[in-house]
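The structure appears below as structure tokens.
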Number of protein chains: 2
Amino acid sequence: MRATVIHGERDIRLEDVADPVLSTGGDAIVKVVAACVCGSDLWPYRGVTPTNEPHRIGHEFVGIVQEIGPDVARIAVGDFVIAPFYDCDNTCINCRNGVSTSCLAGGWWGSHDKIGGFADGAQGELVRVPHADGTLVATEQMPTAEQIPGLLTLADVMGTGHHAAVSAGVTTGSSVVVVGDGAVGLCAVIASKRLGASRIVMMSRNPERQALAREFGATDIIEQRGDDGVERIRELLDGIGADCVLECVGTKESMDQAIRGARPGGMVGYVGAPNGGPELPVRSLFNRNVGVNGGVASVRGYIEELLPDVLSGAIEPGRVFDLELPLTDVAEAYAAMDERRAIKVLLRP
Amino acid sequence: MRATVIHGERDIRLEDVADPVLSTGGDAIVKVVAACVCGSDLWPYRGVTPTNEPHRIGHEFVGIVQEIGPDVARIAVGDFVIAPFYDCDNTCINCRNGVSTSCLAGGWWGSHDKIGGFADGAQGELVRVPHADGTLVATEQMPTAEQIPGLLTLADVMGTGHHAAVSAGVTTGSSVVVVGDGAVGLCAVIASKRLGASRIVMMSRNPERQALAREFGATDIIEQRGDDGVERIRELLDGIGADCVLECVGTKESMDQAIRGARPGGMVGYVGAPNGGPELPVRSLFNRNVGVNGGVASVRGYIEELLPDVLSGAIEPGRVFDLELPLTDVAEAYAAMDERRAIKVLLRP
């Protein structure tokens with residue numbers, strides 16, 4: 001089959017690789033219907049995270065089950081399935097606690113799973129899925145072509161935006177600031193509105209993203225950053241800042257903006273993978289009782305909750321895909337996102 | 001009147017100072033019935049926080065209202081009152097949000113309040129209380145002598161232990177680890193039991209404090225620290241750690257212990273004033289979805305909630321006072337706490 005391999009900085013290639021084979025009894029082979037490029041894929045693409053040797057890449061996909069191991073019971077051949085951006089058994093204590101990204105048996109696409117060998121990256125034609133019963137969620141019916149992008153967001157960005165909102169405690173009447181106008185930040189706007197926020201402020205300088213944020217439910221846009229951004233947030237929000245700030249970038253600057261944008265007693269929900277490990281300033285958090293909560297989003301647990309709203313069109317996270325390319329153009333997909341010509345690129349094998 | 005003045009490292013003196021006078025219309029003069037020494041008073045005592053010039057000290061007291069300004073309506077002369085460790089108007093937006101330690105008009109004992117001049121430190125005979133209606137809580141009846149220590153803990157340590165538990169989300173069935181066996185840590189045990197925790201692990205090496213913690217509701221004691229402490233926490237708690245960890249010290253080591261003692265998806269509630277500003281390791285928080293919440297405890301808002309349980313004897317936080325001294329022996333009170341001969345010292349003017 002063909003699958004995407006990163007060789008180094010700005011060197012993405014679609015290559016012929018071995019087809020995956022079942023190996024654990026509980027795994028499945030899924031034929032990818034749609035995959036995409038994640039903001040976090042850009043870290044190795046840009047060389048921020050070094051690529052020491054060529055490896056498979058990609059971690060978001062939906063597809064059709066092609067083959068299952070003898071121990072798979074919940075998933076059947078022919079099912080249309082959504083995979084989270086990791087595999088998990090959905091039965092261990094961490095999964096039961098709602099933290100399936102810390103699954104004791106789980107792993108990551110494009111790496112070796114703990115018992116069964118290699119689990120393919122998702123930017124390819126086929127993926128071997130460990131713990132298929134735990135990892136995959138099947139839709140009741142075969143989705144329409146129009147529903148595919150929305151379903152694909154449940155693999156990562158919609159669930160991750162939702163995790164930011166849940167981690168920050170967004171609820172009816174909350175004032176929310178979203179830091180980051182990428183796909184996750186835009187989905188965080190959707191999630192905040194869905195959870196009942198009364199005021200949703202998007203920090204963005206990009207007119208197209210501002211417009212989409214407004215359509216998703218943002219009530220205000222702030223273009224300023226740093227001290228000016230904080231001042232503007234406080235001006236808009238009772239002079240004190242937001243109940244909840246959703247940090248969807250992962251840099252030191254964005255986390256600083258988030259912490260300072262929260263009101264005393266407010267909460268920062270963060271899902272931007274920390275880039276280089278900015279440490280959190282405990283004294284300023286302490287003095288103002290600002291909490292920080294979040295992490296690698298446990299999206300598996302959110303798929304069932306969000307799925308009906310995606311299928312019904314009540315929420316439209318699929319609109320974050322503003323470019324669709326065939327898998328053969330995967331290198332262009334990375335370039336378009338790297339250069340911010342696209343918010344998020346959908347790939348079809 | 002006489003009041004305590006710190007002159008420098010290990011130099012605590014009871015001195016004659018001017019009696020306070022009403023100045024704002026909304027203030028009151030309270031005759032102190034009981035005060036105490038706080039763990040945070042030990043930072044300047046030990047010279048960790050430098051004392052550049054002599055200043056009044058103390059921030060926990062209960063007493064009887066001696067005089068009120070013309071604008072005071074909720075509090076009357078003769079009332080027995082509990083003061084939180086700061087003053088607040090209890091009406092501003094931050095107070096209404098439950099974060100009275102960020103009161104827009106509030107201040108700290110032993111410093112100048114924003115409109116009315118000096119507000120005395122609490123280790124003295126009299127205290128001028130700004131915003132008396134917002135700051136003070138009067139009991140319905142004059143308390144008995146036996147009730148005084150418990151009521152005094154509502155000024156700080158009991159409310160602060162409760163804040164740690166609330167910030168960490170302790171609820172029915174929670175597993176809790178308490179880091180710190182001082183008065184606040186011991187009160188955090190009381191608070192955790194009161195909120196329904198099913199497992200309460202106290203980290204302590206001190207036999208007397210261990211015993212008191214058990215009487216307050218601790219189900220397990222861990223004497224180990226560092227890596228061994230983390231391992232022991234995980235052994236006791238399903239191999240993964242605690243739902244909630246209450247950090248009641250404020251050092252880098254104690255915060256590290258707290259973060260590592262939380263399970264994936266767990267929450268650290270912290271109330272130990274950060275000593276020297278240990279920064280929080282965002283990557284390890286992120287990877288395990290461990291949240292951090294808390295800060296300067298907004299105890300004013302907890303007084304009404306906790307008061308009935310203190311008066312009824314349902315909780316006995318007053319037992320953290322294991323030494324009682326006249327105010328004239330205030331220097332010995334500091335020494336006894338500094339040398340850990342006492343958990344917490346009650347002072348009577």
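Naming works like this for the structure tokens: A, B, ... for the chains as they're shown, residue 1 at the start of each chain, ligands 1 onward in shown order.
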
Near Phe61 in chain B, counting only C-alpha atoms, which residues have an atom at most 7 Å away, once you skip same-chain residues fewer than 3 positions from it, shown as a CSV table (one decimal) with N, CA and C atoms, in the first residue's frame?
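Full text of out34.csv as output:
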chain,number,residue,atom,x,y,z
B,32,VAL,N,-9.2,42.0,70.3
B,32,VAL,CA,-8.8,40.6,69.9
B,32,VAL,C,-9.0,39.7,71.2
B,34,ALA,N,-8.6,36.1,70.6
B,34,ALA,CA,-7.5,35.1,70.3
B,34,ALA,C,-6.9,35.4,69.0
B,35,ALA,N,-5.6,35.2,68.9
B,35,ALA,CA,-4.9,35.3,67.6
B,35,ALA,C,-4.0,34.1,67.5
B,36,CYS,N,-3.2,34.0,66.5
B,36,CYS,CA,-2.3,32.9,66.4
B,36,CYS,C,-1.1,33.2,65.4
B,82,ILE,N,-15.5,36.7,63.6
B,82,ILE,CA,-14.3,36.0,63.0
B,82,ILE,C,-13.9,36.9,61.8
B,83,ALA,N,-12.6,37.1,61.7
B,83,ALA,CA,-12.0,37.9,60.6
B,83,ALA,C,-11.2,36.9,59.7
B,122,ALA,N,-2.7,41.3,63.4
B,122,ALA,CA,-3.6,40.7,64.3
B,122,ALA,C,-3.0,40.2,65.6
B,152,LEU,N,-11.3,30.3,65.6
B,152,LEU,CA,-10.1,31.0,65.2
B,152,LEU,C,-9.5,30.3,63.9
B,155,ALA,N,-10.4,31.7,60.5
B,155,ALA,CA,-9.7,32.9,60.0
B,155,ALA,C,-8.7,32.5,58.9

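Summary of the local environment: counting only C-alpha atoms, residues at most 7 Å from range 41-57 of chain A, other than itself and those fewer than 6 positions away along its chain, are A:Thr4, A:Val5, A:Ile6, A:His7, A:Gly8, A:Glu9, A:Arg10, A:Gly110, A:Gly121, A:Ala122, A:Gln123, A:Asp338.
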
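Remark: for chain A, the closest of the candidate residues B:Gly39, B:Gly26, B:Pro308, B:Gly295 is B:Gly295 (distances computed over only C-alpha atoms).
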
When you look at His131 in chain B with a cut-off of 8 Å (counting only C-alpha atoms), what residues show up, excluding the ones that are within fewer than 5 positions of it in the same chain? I need them as a short mmCIF file (atom, residue, chain, number, x, y, z; two decimals) with N, CA and C atoms, in the first residue's frame.
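Output (selection_26.cif):
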data_model
loop_
_atom_site.label_atom_id
_atom_site.label_comp_id
_atom_site.auth_asym_id
_atom_site.auth_seq_id
_atom_site.Cartn_x
_atom_site.Cartn_y
_atom_site.Cartn_z
N GLY B 26 -16.84 52.88 57.23
CA GLY B 26 -17.27 51.48 57.14
C GLY B 26 -16.41 50.54 57.94
N ASP B 27 -15.52 51.10 58.75
CA ASP B 27 -14.60 50.23 59.48
C ASP B 27 -15.06 50.00 60.92
N ALA B 28 -14.37 49.10 61.60
CA ALA B 28 -14.69 48.77 62.98
C ALA B 28 -13.40 48.55 63.75
N ASP B 87 -8.86 41.70 54.51
CA ASP B 87 -10.15 42.38 54.50
C ASP B 87 -10.70 42.43 53.08
N CYS B 88 -12.01 42.48 52.97
CA CYS B 88 -12.65 42.49 51.66
C CYS B 88 -14.04 43.09 51.79
N ASP B 89 -14.55 43.68 50.71
CA ASP B 89 -15.86 44.31 50.82
C ASP B 89 -17.00 43.32 50.63
#

Check: which chain A residues lie within 10 Å of chain B using only C-alpha atoms, as a ChimeraX atom specification: /A:93-95,97-104,167-168,238-240,243,263-298

Those of range 148-222 of chain B in DSSP alpha helix (DSSP H), formatted as a ChimeraX atom specification: /B:148-153,157-167,183-194,207-216

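Reported to one decimal place, the separation of CA of Val37 in chain B from CA of Gly318 in chain B is 13.6 Å.
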
Test item: residues at most 12 Å from Ala18 in chain A, only C-alpha atoms, excluding those fewer than 5 positions along its chain, as a ChimeraX atom specification: /A:1-3,56,118-120,124-128

Write a file of the just-selected residues containing C-alpha atoms, as an mmCIF file, in the first residue's frame.
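And here's result-v5.cif as it stands now:
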data_model
loop_
_atom_site.group_PDB
_atom_site.id
_atom_site.type_symbol
_atom_site.label_atom_id
_atom_site.label_comp_id
_atom_site.auth_asym_id
_atom_site.auth_seq_id
_atom_site.Cartn_x
_atom_site.Cartn_y
_atom_site.Cartn_z
ATOM 1 C CA MET A 1 0.000 0.000 0.000
ATOM 2 C CA ARG A 2 0.970 3.659 -0.097
ATOM 3 C CA ALA A 3 1.609 5.639 3.044
ATOM 4 C CA ARG A 56 5.459 7.004 9.080
ATOM 5 C CA PHE A 118 3.611 -1.758 14.221
ATOM 6 C CA ALA A 119 0.465 0.375 14.091
ATOM 7 C CA ASP A 120 0.486 2.364 10.878
ATOM 8 C CA GLY A 124 -1.943 6.035 4.188
ATOM 9 C CA GLU A 125 -4.295 3.559 2.622
ATOM 10 C CA LEU A 126 -4.600 1.063 5.462
ATOM 11 C CA VAL A 127 -4.095 1.142 9.219
ATOM 12 C CA ARG A 128 -3.725 -1.740 11.641
#

Which of range 132-328 of chain B DSSP labels strand (DSSP E), written as a ChimeraX atom specification: /B:137-138,175-179,199-203,220-222,242-247,262-270,291-294,321-326

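Proximity to Arg225 in chain A was assessed for A:Glu247, A:Ala258, A:Ile303, A:Leu237 counting only C-alpha atoms; the smallest distance is recorded for A:Ala258.
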
For Arg199 in chain B, the nearest of the candidates B:Val320, B:Val17, B:Ala218, B:Ala73, counting only C-alpha atoms: B:Ala218

Contacts of Ala132 in chain B at 12 Å (only C-alpha atoms; same-chain gap of 5+ positions) as a PyMOL selection string: chain B and resi 22-30+65-77+79+81-84+86-90+106+119+127+137-138

Non-local contacts of Asp156 in chain B (8 Å; only C-alpha atoms; under 6 positions in same chain excluded) as a PyMOL selection string: chain B and resi 60+84-85+299

Polymer residues at most 7 Å from Val230 in chain B, only C-alpha atoms, same-chain spacing of 3 or more positions, as a ChimeraX atom specification: /B:226-227,233-234,257,260-261

Distance of CA of Leu347 in chain B from CA of Val330 in chain B, expressed in Å to one decimal place: 7.2 Å

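Between CA of Pro317 in chain A and CA of Trp109 in chain A the interatomic distance comes to 22.7 Å.
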